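Containing PDB, C-alpha atoms and all ligand atoms: work_11.pdb.
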ATOM      1  CA  MET S   1      -4.895 -42.038  50.744  1.00  0.00           C
ATOM      2  CA  SER S   2      -5.408 -39.673  47.841  1.00  0.00           C
ATOM      3  CA  THR S   3      -2.683 -39.440  45.217  1.00  0.00           C
ATOM      4  CA  SER S   4      -3.105 -35.657  44.861  1.00  0.00           C
ATOM      5  CA  ALA S   5      -1.070 -33.097  46.769  1.00  0.00           C
ATOM      6  CA  GLY S   6      -1.928 -32.542  50.422  1.00  0.00           C
ATOM      7  CA  PRO S   7      -3.037 -35.037  53.027  1.00  0.00           C
ATOM      8  CA  ASP S   8      -6.635 -36.146  53.258  1.00  0.00           C
ATOM      9  CA  LEU S   9      -8.611 -34.528  56.044  1.00  0.00           C
ATOM     10  CA  LEU S  10     -11.404 -37.052  55.558  1.00  0.00           C
ATOM     11  CA  TYR S  11     -10.967 -40.481  53.979  1.00  0.00           C
ATOM     12  CA  VAL S  12     -13.886 -42.839  53.394  1.00  0.00           C
ATOM     13  CA  SER S  13     -13.641 -46.286  51.851  1.00  0.00           C
ATOM     14  CA  GLY S  14     -16.024 -49.214  51.379  1.00  0.00           C
ATOM     15  CA  LEU S  15     -18.789 -47.537  53.372  1.00  0.00           C
ATOM     16  CA  THR S  16     -21.815 -49.800  53.513  1.00  0.00           C
ATOM     17  CA  LYS S  17     -25.061 -49.370  55.405  1.00  0.00           C
ATOM     18  CA  SER S  18     -28.405 -51.170  55.431  1.00  0.00           C
ATOM     19  CA  TYR S  19     -31.583 -50.558  57.357  1.00  0.00           C
ATOM     20  CA  SER S  20     -33.480 -53.767  58.188  1.00  0.00           C
ATOM     21  CA  GLN S  21     -31.485 -55.686  55.567  1.00  0.00           C
ATOM     22  CA  VAL S  22     -32.351 -53.116  52.894  1.00  0.00           C
ATOM     23  CA  PRO S  23     -29.073 -51.766  51.454  1.00  0.00           C
ATOM     24  CA  VAL S  24     -28.840 -47.957  51.435  1.00  0.00           C
ATOM     25  CA  LEU S  25     -25.124 -47.286  50.951  1.00  0.00           C
ATOM     26  CA  ARG S  26     -22.993 -49.677  48.933  1.00  0.00           C
ATOM     27  CA  ASP S  27     -19.215 -49.400  48.908  1.00  0.00           C
ATOM     28  CA  ILE S  28     -18.976 -45.600  49.056  1.00  0.00           C
ATOM     29  CA  GLY S  29     -15.473 -44.167  48.869  1.00  0.00           C
ATOM     30  CA  PHE S  30     -14.017 -40.681  48.571  1.00  0.00           C
ATOM     31  CA  SER S  31     -11.507 -38.370  50.154  1.00  0.00           C
ATOM     32  CA  LEU S  32     -11.596 -34.708  51.052  1.00  0.00           C
ATOM     33  CA  ARG S  33      -8.735 -32.309  51.664  1.00  0.00           C
ATOM     34  CA  SER S  34      -8.737 -28.939  53.393  1.00  0.00           C
ATOM     35  CA  GLY S  35     -10.269 -26.260  51.178  1.00  0.00           C
ATOM     36  CA  GLU S  36     -12.236 -28.757  49.075  1.00  0.00           C
ATOM     37  CA  ALA S  37     -15.963 -29.384  48.845  1.00  0.00           C
ATOM     38  CA  VAL S  38     -17.654 -32.618  47.837  1.00  0.00           C
ATOM     39  CA  ALA S  39     -21.384 -32.679  47.117  1.00  0.00           C
ATOM     40  CA  VAL S  40     -23.465 -35.798  47.688  1.00  0.00           C
ATOM     41  CA  VAL S  41     -26.266 -35.914  45.133  1.00  0.00           C
ATOM     42  CA  GLY S  42     -29.023 -38.357  44.228  1.00  0.00           C
ATOM     43  CA  PRO S  43     -32.787 -38.748  44.279  1.00  0.00           C
ATOM     44  CA  ASN S  44     -35.000 -38.662  47.383  1.00  0.00           C
ATOM     45  CA  GLY S  45     -34.350 -41.607  49.644  1.00  0.00           C
ATOM     46  CA  SER S  46     -31.088 -42.613  47.968  1.00  0.00           C
ATOM     47  CA  GLY S  47     -28.966 -42.356  51.120  1.00  0.00           C
ATOM     48  CA  LYS S  48     -27.418 -38.873  51.096  1.00  0.00           C
ATOM     49  CA  THR S  49     -28.383 -38.044  54.686  1.00  0.00           C
ATOM     50  CA  THR S  50     -27.404 -41.543  55.797  1.00  0.00           C
ATOM     51  CA  LEU S  51     -23.936 -40.989  54.364  1.00  0.00           C
ATOM     52  CA  LEU S  52     -23.537 -37.734  56.280  1.00  0.00           C
ATOM     53  CA  LYS S  53     -24.869 -39.323  59.467  1.00  0.00           C
ATOM     54  CA  CYS S  54     -22.346 -42.161  59.181  1.00  0.00           C
ATOM     55  CA  VAL S  55     -19.505 -39.661  58.782  1.00  0.00           C
ATOM     56  CA  ALA S  56     -20.851 -37.575  61.675  1.00  0.00           C
ATOM     57  CA  GLY S  57     -21.045 -40.689  63.848  1.00  0.00           C
ATOM     58  CA  VAL S  58     -24.793 -40.335  64.361  1.00  0.00           C
ATOM     59  CA  GLU S  59     -25.308 -43.671  62.566  1.00  0.00           C
ATOM     60  CA  ASP S  60     -22.966 -46.664  62.635  1.00  0.00           C
ATOM     61  CA  ALA S  61     -21.896 -47.969  59.240  1.00  0.00           C
ATOM     62  CA  ASP S  62     -22.122 -51.726  58.761  1.00  0.00           C
ATOM     63  CA  ASP S  63     -18.751 -51.820  57.066  1.00  0.00           C
ATOM     64  CA  GLY S  64     -16.048 -49.524  55.766  1.00  0.00           C
ATOM     65  CA  VAL S  65     -13.410 -47.078  56.900  1.00  0.00           C
ATOM     66  CA  ILE S  66     -13.910 -43.453  57.952  1.00  0.00           C
ATOM     67  CA  GLU S  67     -10.742 -41.567  58.875  1.00  0.00           C
ATOM     68  CA  LEU S  68     -10.114 -38.023  60.029  1.00  0.00           C
ATOM     69  CA  ASP S  69      -6.493 -36.879  59.768  1.00  0.00           C
ATOM     70  CA  GLY S  70      -5.450 -40.453  58.990  1.00  0.00           C
ATOM     71  CA  ALA S  71      -6.950 -42.025  62.128  1.00  0.00           C
ATOM     72  CA  ARG S  72     -10.290 -43.734  62.607  1.00  0.00           C
ATOM     73  CA  LEU S  73     -12.917 -41.048  63.114  1.00  0.00           C
ATOM     74  CA  ARG S  74     -14.486 -41.277  66.546  1.00  0.00           C
ATOM     75  CA  GLU S  75     -17.255 -38.828  67.240  1.00  0.00           C
ATOM     76  CA  SER S  76     -16.726 -39.298  70.988  1.00  0.00           C
ATOM     77  CA  GLU S  77     -13.231 -37.751  70.840  1.00  0.00           C
ATOM     78  CA  SER S  78     -12.956 -34.075  71.663  1.00  0.00           C
ATOM     79  CA  ALA S  79     -10.533 -33.440  68.774  1.00  0.00           C
ATOM     80  CA  THR S  80     -13.173 -34.775  66.362  1.00  0.00           C
ATOM     81  CA  ARG S  81     -15.938 -32.671  67.860  1.00  0.00           C
ATOM     82  CA  ALA S  82     -13.667 -29.620  67.733  1.00  0.00           C
ATOM     83  CA  ALA S  83     -12.945 -30.181  64.027  1.00  0.00           C
ATOM     84  CA  MET S  84     -16.381 -31.081  62.735  1.00  0.00           C
ATOM     85  CA  ALA S  85     -19.375 -28.746  62.525  1.00  0.00           C
ATOM     86  CA  CYS S  86     -22.566 -30.528  61.474  1.00  0.00           C
ATOM     87  CA  LEU S  87     -25.891 -29.365  60.129  1.00  0.00           C
ATOM     88  CA  LEU S  88     -28.239 -32.339  60.187  1.00  0.00           C
ATOM     89  CA  ASP S  89     -31.997 -32.096  59.939  1.00  0.00           C
ATOM     90  CA  ASP S  90     -32.714 -33.162  63.506  1.00  0.00           C
ATOM     91  CA  ALA S  91     -31.006 -30.401  65.500  1.00  0.00           C
ATOM     92  CA  GLU S  92     -32.522 -29.915  68.923  1.00  0.00           C
ATOM     93  CA  TYR S  93     -32.414 -26.768  70.984  1.00  0.00           C
ATOM     94  CA  PHE S  94     -32.892 -25.982  74.657  1.00  0.00           C
ATOM     95  CA  PRO S  95     -36.508 -24.772  74.883  1.00  0.00           C
ATOM     96  CA  ASP S  96     -35.691 -21.966  77.322  1.00  0.00           C
ATOM     97  CA  LEU S  97     -32.610 -20.505  75.625  1.00  0.00           C
ATOM     98  CA  SER S  98     -32.982 -17.766  73.026  1.00  0.00           C
ATOM     99  CA  VAL S  99     -31.320 -17.731  69.621  1.00  0.00           C
ATOM    100  CA  ILE S 100     -28.507 -15.505  70.875  1.00  0.00           C
ATOM    101  CA  ASP S 101     -28.097 -17.599  74.045  1.00  0.00           C
ATOM    102  CA  HIS S 102     -27.691 -20.760  71.961  1.00  0.00           C
ATOM    103  CA  LEU S 103     -25.146 -19.269  69.632  1.00  0.00           C
ATOM    104  CA  THR S 104     -23.146 -17.622  72.425  1.00  0.00           C
ATOM    105  CA  LEU S 105     -23.104 -20.828  74.465  1.00  0.00           C
ATOM    106  CA  TYR S 106     -22.063 -22.862  71.448  1.00  0.00           C
ATOM    107  CA  SER S 107     -19.334 -20.432  70.454  1.00  0.00           C
ATOM    108  CA  TRP S 108     -17.990 -20.177  73.997  1.00  0.00           C
ATOM    109  CA  ALA S 109     -18.120 -23.947  74.598  1.00  0.00           C
ATOM    110  CA  HIS S 110     -16.027 -24.504  71.469  1.00  0.00           C
ATOM    111  CA  GLY S 111     -13.449 -22.023  72.679  1.00  0.00           C
ATOM    112  CA  MET S 112     -13.926 -19.101  70.280  1.00  0.00           C
ATOM    113  CA  GLU S 113     -11.890 -16.117  71.353  1.00  0.00           C
ATOM    114  CA  ASP S 114     -14.588 -13.473  71.236  1.00  0.00           C
ATOM    115  CA  PRO S 115     -17.998 -15.207  71.170  1.00  0.00           C
ATOM    116  CA  ASP S 116     -20.024 -11.982  71.446  1.00  0.00           C
ATOM    117  CA  ARG S 117     -18.388 -10.437  68.389  1.00  0.00           C
ATOM    118  CA  VAL S 118     -18.609 -13.637  66.308  1.00  0.00           C
ATOM    119  CA  VAL S 119     -22.249 -14.222  67.257  1.00  0.00           C
ATOM    120  CA  ALA S 120     -23.245 -10.615  66.463  1.00  0.00           C
ATOM    121  CA  SER S 121     -21.622 -10.908  63.054  1.00  0.00           C
ATOM    122  CA  VAL S 122     -23.238 -14.277  62.216  1.00  0.00           C
ATOM    123  CA  LEU S 123     -26.662 -13.078  63.422  1.00  0.00           C
ATOM    124  CA  ARG S 124     -26.426 -10.168  60.992  1.00  0.00           C
ATOM    125  CA  GLU S 125     -25.092 -12.315  58.167  1.00  0.00           C
ATOM    126  CA  LEU S 126     -27.963 -14.784  58.495  1.00  0.00           C
ATOM    127  CA  ASP S 127     -30.561 -12.086  59.027  1.00  0.00           C
ATOM    128  CA  LEU S 128     -31.388 -13.479  62.455  1.00  0.00           C
ATOM    129  CA  HIS S 129     -30.646 -10.346  64.485  1.00  0.00           C
ATOM    130  CA  ALA S 130     -34.346  -9.415  64.786  1.00  0.00           C
ATOM    131  CA  ALA S 131     -35.036 -12.910  66.163  1.00  0.00           C
ATOM    132  CA  ALA S 132     -32.031 -12.917  68.499  1.00  0.00           C
ATOM    133  CA  ASN S 133     -34.138 -12.907  71.667  1.00  0.00           C
ATOM    134  CA  GLN S 134     -36.774 -15.384  70.485  1.00  0.00           C
ATOM    135  CA  LEU S 135     -37.043 -18.912  71.860  1.00  0.00           C
ATOM    136  CA  PRO S 136     -36.565 -21.791  69.368  1.00  0.00           C
ATOM    137  CA  VAL S 137     -40.245 -22.803  69.484  1.00  0.00           C
ATOM    138  CA  THR S 138     -41.265 -19.379  68.136  1.00  0.00           C
ATOM    139  CA  LEU S 139     -39.006 -19.514  65.077  1.00  0.00           C
ATOM    140  CA  SER S 140     -40.269 -20.066  61.552  1.00  0.00           C
ATOM    141  CA  SER S 141     -38.883 -23.162  59.811  1.00  0.00           C
ATOM    142  CA  GLY S 142     -36.610 -20.919  57.748  1.00  0.00           C
ATOM    143  CA  GLN S 143     -35.315 -19.128  60.850  1.00  0.00           C
ATOM    144  CA  ARG S 144     -34.787 -22.475  62.560  1.00  0.00           C
ATOM    145  CA  HIS S 145     -32.784 -23.720  59.596  1.00  0.00           C
ATOM    146  CA  ARG S 146     -30.696 -20.543  59.627  1.00  0.00           C
ATOM    147  CA  LEU S 147     -30.071 -21.050  63.359  1.00  0.00           C
ATOM    148  CA  GLY S 148     -28.647 -24.462  62.438  1.00  0.00           C
ATOM    149  CA  LEU S 149     -26.379 -22.874  59.836  1.00  0.00           C
ATOM    150  CA  ALA S 150     -25.394 -20.125  62.283  1.00  0.00           C
ATOM    151  CA  SER S 151     -24.456 -22.767  64.871  1.00  0.00           C
ATOM    152  CA  CYS S 152     -21.869 -24.109  62.413  1.00  0.00           C
ATOM    153  CA  LEU S 153     -20.429 -20.662  61.757  1.00  0.00           C
ATOM    154  CA  VAL S 154     -19.951 -19.364  65.317  1.00  0.00           C
ATOM    155  CA  ARG S 155     -17.488 -22.105  66.216  1.00  0.00           C
ATOM    156  CA  PRO S 156     -14.087 -23.258  64.991  1.00  0.00           C
ATOM    157  CA  ARG S 157     -14.246 -25.851  62.216  1.00  0.00           C
ATOM    158  CA  ARG S 158     -12.033 -27.777  59.818  1.00  0.00           C
ATOM    159  CA  LEU S 159     -14.781 -29.930  58.325  1.00  0.00           C
ATOM    160  CA  LEU S 160     -18.342 -28.817  57.626  1.00  0.00           C
ATOM    161  CA  LEU S 161     -21.000 -31.516  57.194  1.00  0.00           C
ATOM    162  CA  LEU S 162     -24.130 -29.902  55.787  1.00  0.00           C
ATOM    163  CA  ASP S 163     -27.319 -31.765  54.962  1.00  0.00           C
ATOM    164  CA  GLU S 164     -29.226 -29.809  52.300  1.00  0.00           C
ATOM    165  CA  PRO S 165     -27.987 -26.421  53.526  1.00  0.00           C
ATOM    166  CA  GLU S 166     -30.085 -24.681  50.837  1.00  0.00           C
ATOM    167  CA  GLN S 167     -33.340 -25.897  52.409  1.00  0.00           C
ATOM    168  CA  ARG S 168     -35.848 -23.137  53.134  1.00  0.00           C
ATOM    169  CA  LEU S 169     -33.518 -20.392  51.892  1.00  0.00           C
ATOM    170  CA  ASP S 170     -34.906 -17.866  49.440  1.00  0.00           C
ATOM    171  CA  ALA S 171     -33.003 -16.815  46.307  1.00  0.00           C
ATOM    172  CA  LYS S 172     -30.973 -14.213  48.220  1.00  0.00           C
ATOM    173  CA  GLY S 173     -30.212 -16.773  50.919  1.00  0.00           C
ATOM    174  CA  ARG S 174     -29.063 -19.328  48.348  1.00  0.00           C
ATOM    175  CA  ALA S 175     -26.760 -16.793  46.704  1.00  0.00           C
ATOM    176  CA  TRP S 176     -25.360 -15.971  50.155  1.00  0.00           C
ATOM    177  CA  LEU S 177     -24.843 -19.682  50.853  1.00  0.00           C
ATOM    178  CA  ALA S 178     -22.875 -20.254  47.635  1.00  0.00           C
ATOM    179  CA  ASP S 179     -20.610 -17.304  48.502  1.00  0.00           C
ATOM    180  CA  ARG S 180     -20.228 -18.459  52.105  1.00  0.00           C
ATOM    181  CA  LEU S 181     -19.224 -21.987  51.080  1.00  0.00           C
ATOM    182  CA  GLN S 182     -16.613 -20.511  48.730  1.00  0.00           C
ATOM    183  CA  ALA S 183     -15.299 -18.342  51.583  1.00  0.00           C
ATOM    184  CA  GLU S 184     -15.143 -21.371  53.890  1.00  0.00           C
ATOM    185  CA  LYS S 185     -13.101 -23.250  51.297  1.00  0.00           C
ATOM    186  CA  ALA S 186     -10.796 -20.268  50.841  1.00  0.00           C
ATOM    187  CA  ALA S 187     -10.254 -20.296  54.610  1.00  0.00           C
ATOM    188  CA  GLY S 188      -9.167 -23.953  54.362  1.00  0.00           C
ATOM    189  CA  VAL S 189     -12.359 -25.606  55.593  1.00  0.00           C
ATOM    190  CA  ALA S 190     -13.340 -28.899  53.943  1.00  0.00           C
ATOM    191  CA  ILE S 191     -17.038 -29.314  53.148  1.00  0.00           C
ATOM    192  CA  LEU S 192     -19.156 -32.405  52.622  1.00  0.00           C
ATOM    193  CA  PHE S 193     -22.707 -31.438  51.737  1.00  0.00           C
ATOM    194  CA  THR S 194     -25.846 -32.994  50.323  1.00  0.00           C
ATOM    195  CA  SER S 195     -27.960 -30.973  47.957  1.00  0.00           C
ATOM    196  CA  HIS S 196     -30.784 -31.027  45.434  1.00  0.00           C
ATOM    197  CA  ASP S 197     -29.726 -27.586  44.146  1.00  0.00           C
ATOM    198  CA  ARG S 198     -27.703 -27.974  40.955  1.00  0.00           C
ATOM    199  CA  GLU S 199     -26.706 -24.319  40.987  1.00  0.00           C
ATOM    200  CA  LEU S 200     -25.262 -24.599  44.490  1.00  0.00           C
ATOM    201  CA  VAL S 201     -23.460 -27.822  43.613  1.00  0.00           C
ATOM    202  CA  GLY S 202     -22.030 -26.179  40.479  1.00  0.00           C
ATOM    203  CA  ALA S 203     -20.932 -23.104  42.424  1.00  0.00           C
ATOM    204  CA  ALA S 204     -19.421 -24.772  45.476  1.00  0.00           C
ATOM    205  CA  ALA S 205     -18.478 -28.408  44.826  1.00  0.00           C
ATOM    206  CA  ASP S 206     -15.116 -29.571  43.496  1.00  0.00           C
ATOM    207  CA  ARG S 207     -16.485 -33.096  43.046  1.00  0.00           C
ATOM    208  CA  THR S 208     -19.782 -34.911  43.406  1.00  0.00           C
ATOM    209  CA  ILE S 209     -20.645 -38.340  44.761  1.00  0.00           C
ATOM    210  CA  GLU S 210     -23.798 -39.779  43.268  1.00  0.00           C
ATOM    211  CA  VAL S 211     -25.732 -42.179  45.455  1.00  0.00           C
ATOM    212  CA  VAL S 212     -28.403 -44.268  43.794  1.00  0.00           C
ATOM    213  CA  ALA S 213     -31.683 -45.433  45.315  1.00  0.00           C
TER     214      ALA S 213
HETATM  215  N1  LIG J   1     -33.357 -44.688  60.863  1.00  0.00           N
HETATM  216  C1  LIG J   1     -33.809 -45.309  59.751  1.00  0.00           C
HETATM  217  N2  LIG J   1     -34.428 -46.503  59.816  1.00  0.00           N
HETATM  218  C2  LIG J   1     -34.855 -47.149  58.711  1.00  0.00           C
HETATM  219  N3  LIG J   1     -34.715 -46.659  57.463  1.00  0.00           N
HETATM  220  C3  LIG J   1     -34.109 -45.477  57.342  1.00  0.00           C
HETATM  221  C4  LIG J   1     -33.629 -44.741  58.463  1.00  0.00           C
HETATM  222  N4  LIG J   1     -33.056 -43.585  58.004  1.00  0.00           N
HETATM  223  C5  LIG J   1     -33.198 -43.594  56.673  1.00  0.00           C
HETATM  224  N5  LIG J   1     -33.824 -44.723  56.277  1.00  0.00           N
HETATM  225  C6  LIG J   1     -34.130 -45.097  54.886  1.00  0.00           C
HETATM  226  O1  LIG J   1     -32.907 -45.073  54.164  1.00  0.00           O
HETATM  227  C7  LIG J   1     -33.113 -44.556  52.851  1.00  0.00           C
HETATM  228  C8  LIG J   1     -32.192 -43.367  52.628  1.00  0.00           C
HETATM  229  O2  LIG J   1     -32.620 -42.293  53.432  1.00  0.00           O
HETATM  230  P1  LIG J   1     -31.845 -40.895  53.433  1.00  0.00           P
HETATM  231  O3  LIG J   1     -32.545 -39.999  54.396  1.00  0.00           O
HETATM  232  O4  LIG J   1     -30.415 -41.138  53.641  1.00  0.00           O
HETATM  233  O5  LIG J   1     -32.091 -40.415  51.942  1.00  0.00           O
HETATM  234  P2  LIG J   1     -31.767 -39.017  51.239  1.00  0.00           P
HETATM  235  O6  LIG J   1     -31.031 -39.328  49.979  1.00  0.00           O
HETATM  236  O7  LIG J   1     -31.114 -38.104  52.192  1.00  0.00           O
HETATM  237  O8  LIG J   1     -33.228 -38.521  50.882  1.00  0.00           O
HETATM  238  P3  LIG J   1     -33.848 -37.029  50.639  1.00  0.00           P
HETATM  239  O9  LIG J   1     -33.285 -36.514  49.358  1.00  0.00           O
HETATM  240  O10 LIG J   1     -35.317 -37.327  50.543  1.00  0.00           O
HETATM  241  O11 LIG J   1     -33.495 -36.212  51.858  1.00  0.00           O
HETATM  242  C9  LIG J   1     -34.597 -44.239  52.743  1.00  0.00           C
HETATM  243  O12 LIG J   1     -35.243 -45.329  52.139  1.00  0.00           O
HETATM  244  C10 LIG J   1     -35.021 -44.092  54.191  1.00  0.00           C
HETATM  245  O13 LIG J   1     -36.381 -44.451  54.377  1.00  0.00           O
END
Take the structure in this file and express it as C-alpha cells.
Amino acid sequence: MSTSAGPDLLYVSGLTKSYSQVPVLRDIGFSLRSGEAVAVVGPNGSGKTTLLKCVAGVEDADDGVIELDGARLRESESATRAAMACLLDDAEYFPDLSVIDHLTLYSWAHGMEDPDRVVASVLRELDLHAAANQLPVTLSSGQRHRLGLASCLVRPRRLLLLDEPEQRLDAKGRAWLADRLQAEKAAGVAILFTSHDRELVGAAADRTIEVVA
C-alpha cells in the first residue's frame, strides 16, 4: 500500500514478464490513486504496452501482484470491467456497425444513464460527428484511433489505461488530449498511460515509470 493519503486504486508490485525466455518487464512496482496519472515511458520495444496489457488482463504476468481496490485484479469480474476503460492498439470493431452504433452500444452496455446524449457530446468533442454513420473499415487511421478514445469516454470509468493516446493526433488533438486527461483526473479518474510525447507526459502525469529495453 502507498504511504500517502488515500487508498490505492491500483497497486502493482514485482511485476515480471518474459516472452520466450526474453525478459521484458523486471520487478515493476507502482501505485495509483483516484485523480492521479502515471506515465509509462521508455524506448521502442522496452515493454510499455506489455505493462498495460498485464494490468488490463490481456497478457498474464509471470510473477507479481496486481490489485484493484485492494483485491487481486481479475479482468473476468464485472466490477473490474465496469471500472477499467482501456485503449490498446488492437481494438476490434463489428464490421457492420457504424461509429455511432458502436459508441451507443458500448455506452448502453456499461449502463450510462443517457447514452444518446453522452455519445453526441463525445462525437463532437473528438470531431467524429461527420463520420458517425461510417463503418469502421472506412475510417482513416486517425479516425479509428479517435473511435478508440471515444469508446473510453462514453462509458463509466474509474481507471483509464491508455496506450500511446497521442498517436495519430494532430497538434490540436494533442492539446485537447492534455486538457481531457486533466479533466479526467479532476473528476477522480486514475490514469495509467504510455507515451512518447514529453509534452503530454509533462502536462498530464504526476509520476513516470521508466521501463528499459
Ligand atoms: N506477444 C508477444 N510475443 C513475443 N514478444 C512480444 C509480444 N509482445 C511484445 N513482445 C516483445 O516484447 C518487447 C516489448 O514490447 P512492447 O510492445 O511492450 O514495447 P513498447 O515499449 O510498447 O514499444 P513501442 O514504444 O515500440 O510501442 C518487444 O521486444 C516485443 O517484440
Compile the contact shell of Gln143 (chain S) as a PDB file with C-alpha atoms, keeping the file's coordinate frame: residues with an atom at most 10 Å away, counting only C-alpha atoms, same-chain residues fewer than 6 positions apart removed.
ATOM      1  CA  VAL S  99     -31.320 -17.731  69.621  1.00  0.00           C
ATOM      2  CA  LEU S 126     -27.963 -14.784  58.495  1.00  0.00           C
ATOM      3  CA  ASP S 127     -30.561 -12.086  59.027  1.00  0.00           C
ATOM      4  CA  LEU S 128     -31.388 -13.479  62.455  1.00  0.00           C
ATOM      5  CA  ALA S 131     -35.036 -12.910  66.163  1.00  0.00           C
ATOM      6  CA  PRO S 136     -36.565 -21.791  69.368  1.00  0.00           C
ATOM      7  CA  LEU S 149     -26.379 -22.874  59.836  1.00  0.00           C
ATOM      8  CA  ARG S 168     -35.848 -23.137  53.134  1.00  0.00           C
ATOM      9  CA  LEU S 169     -33.518 -20.392  51.892  1.00  0.00           C
TER      10      LEU S 169
END
Determine the residue membership of the PyMOL selection byres (((not hetatm)) within 6 of (chain J and resi 1)) for the file above and supply it as an MDAnalysis selection string.
-> chainID S and resid 19 24 43:50
If you apply the PyMOL selection byres (((chain S and resi 102) around 10) and not hetatm) to this file, what residues do you get, as number ranges by chain?
-> S: 93-94, 96-101, 103-108, 119, 132, 135-136, 147, 150-151
Please report as a tab-separated table every residue of region 34-62 of chain S lying within 9 Å of region 68-87 of chain S, along with the nearest atom pair and their distance in Å (one decimal), using all atoms listed in the file.
residue	atom	partner	partner_atom	distance
S:Leu52	CA	S:Cys86	CA	8.9
S:Val55	CA	S:Leu73	CA	8.0
S:Ala56	CA	S:Glu75	CA	6.7
S:Gly57	CA	S:Glu75	CA	5.4
S:Val58	CA	S:Glu75	CA	8.2
Run through the PyMOL selection byres (((chain S and resi 172-189) around 8) and not hetatm) on the given coordinates and return the selected residues as a PDB file with C-alpha atoms, in the coordinates of the input.
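What landed in part_29.pdb:
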ATOM      1  CA  SER S  34      -8.737 -28.939  53.393  1.00  0.00           C
ATOM      2  CA  GLY S  35     -10.269 -26.260  51.178  1.00  0.00           C
ATOM      3  CA  GLU S  36     -12.236 -28.757  49.075  1.00  0.00           C
ATOM      4  CA  ALA S  37     -15.963 -29.384  48.845  1.00  0.00           C
ATOM      5  CA  ARG S 157     -14.246 -25.851  62.216  1.00  0.00           C
ATOM      6  CA  ARG S 158     -12.033 -27.777  59.818  1.00  0.00           C
ATOM      7  CA  LEU S 159     -14.781 -29.930  58.325  1.00  0.00           C
ATOM      8  CA  LEU S 160     -18.342 -28.817  57.626  1.00  0.00           C
ATOM      9  CA  PRO S 165     -27.987 -26.421  53.526  1.00  0.00           C
ATOM     10  CA  GLU S 166     -30.085 -24.681  50.837  1.00  0.00           C
ATOM     11  CA  LEU S 169     -33.518 -20.392  51.892  1.00  0.00           C
ATOM     12  CA  ASP S 170     -34.906 -17.866  49.440  1.00  0.00           C
ATOM     13  CA  ALA S 171     -33.003 -16.815  46.307  1.00  0.00           C
ATOM     14  CA  ALA S 190     -13.340 -28.899  53.943  1.00  0.00           C
ATOM     15  CA  ILE S 191     -17.038 -29.314  53.148  1.00  0.00           C
ATOM     16  CA  LEU S 200     -25.262 -24.599  44.490  1.00  0.00           C
ATOM     17  CA  ALA S 203     -20.932 -23.104  42.424  1.00  0.00           C
ATOM     18  CA  ALA S 204     -19.421 -24.772  45.476  1.00  0.00           C
TER      19      ALA S 204
END
Between CA of Arg207 (chain S) and CA of Leu51 (chain S) - distance in Å to one decimal =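 Those two atoms sit 15.7 Å apart.
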Could you check which of S:Gly202, S:Pro23, S:Arg144, S:Gly29 is closest to Ile66 (chain S), using only C-alpha atoms?
->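 Result for the nearest residue to Ile66 (chain S): S:Gly29.
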Using only C-alpha atoms, pick whichever of S:Lys17, S:Arg124, S:Arg33, S:His196 has the shortest atom-to-atom distance to Asp62 (chain S).
->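 Answer, going by the shortest atom-to-atom distance: S:Lys17.
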Just give me the gap between CA of Gly148 (chain S) and CA of Asp116 (chain S) in Å, one decimal is fine.
-> 17.6 Å
Find the distance between CA of Val201 (chain S) and CA of Ser31 (chain S) and write it in Å to one decimal.
->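 Value for the CA of Val201 (chain S)-CA of Ser31 (chain S) distance: 17.2 Å.
Among S:Ala213, S:Leu139, S:Val40, S:Ala120, the residue with the shortest atom-to-atom distance to Glu164 (chain S), counting only C-alpha atoms, is S:Val40.
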Which of S:Leu162, S:Val211, S:Ala205, S:Thr16 sits closest to Val38 (chain S) [using only C-alpha atoms] = S:Ala205
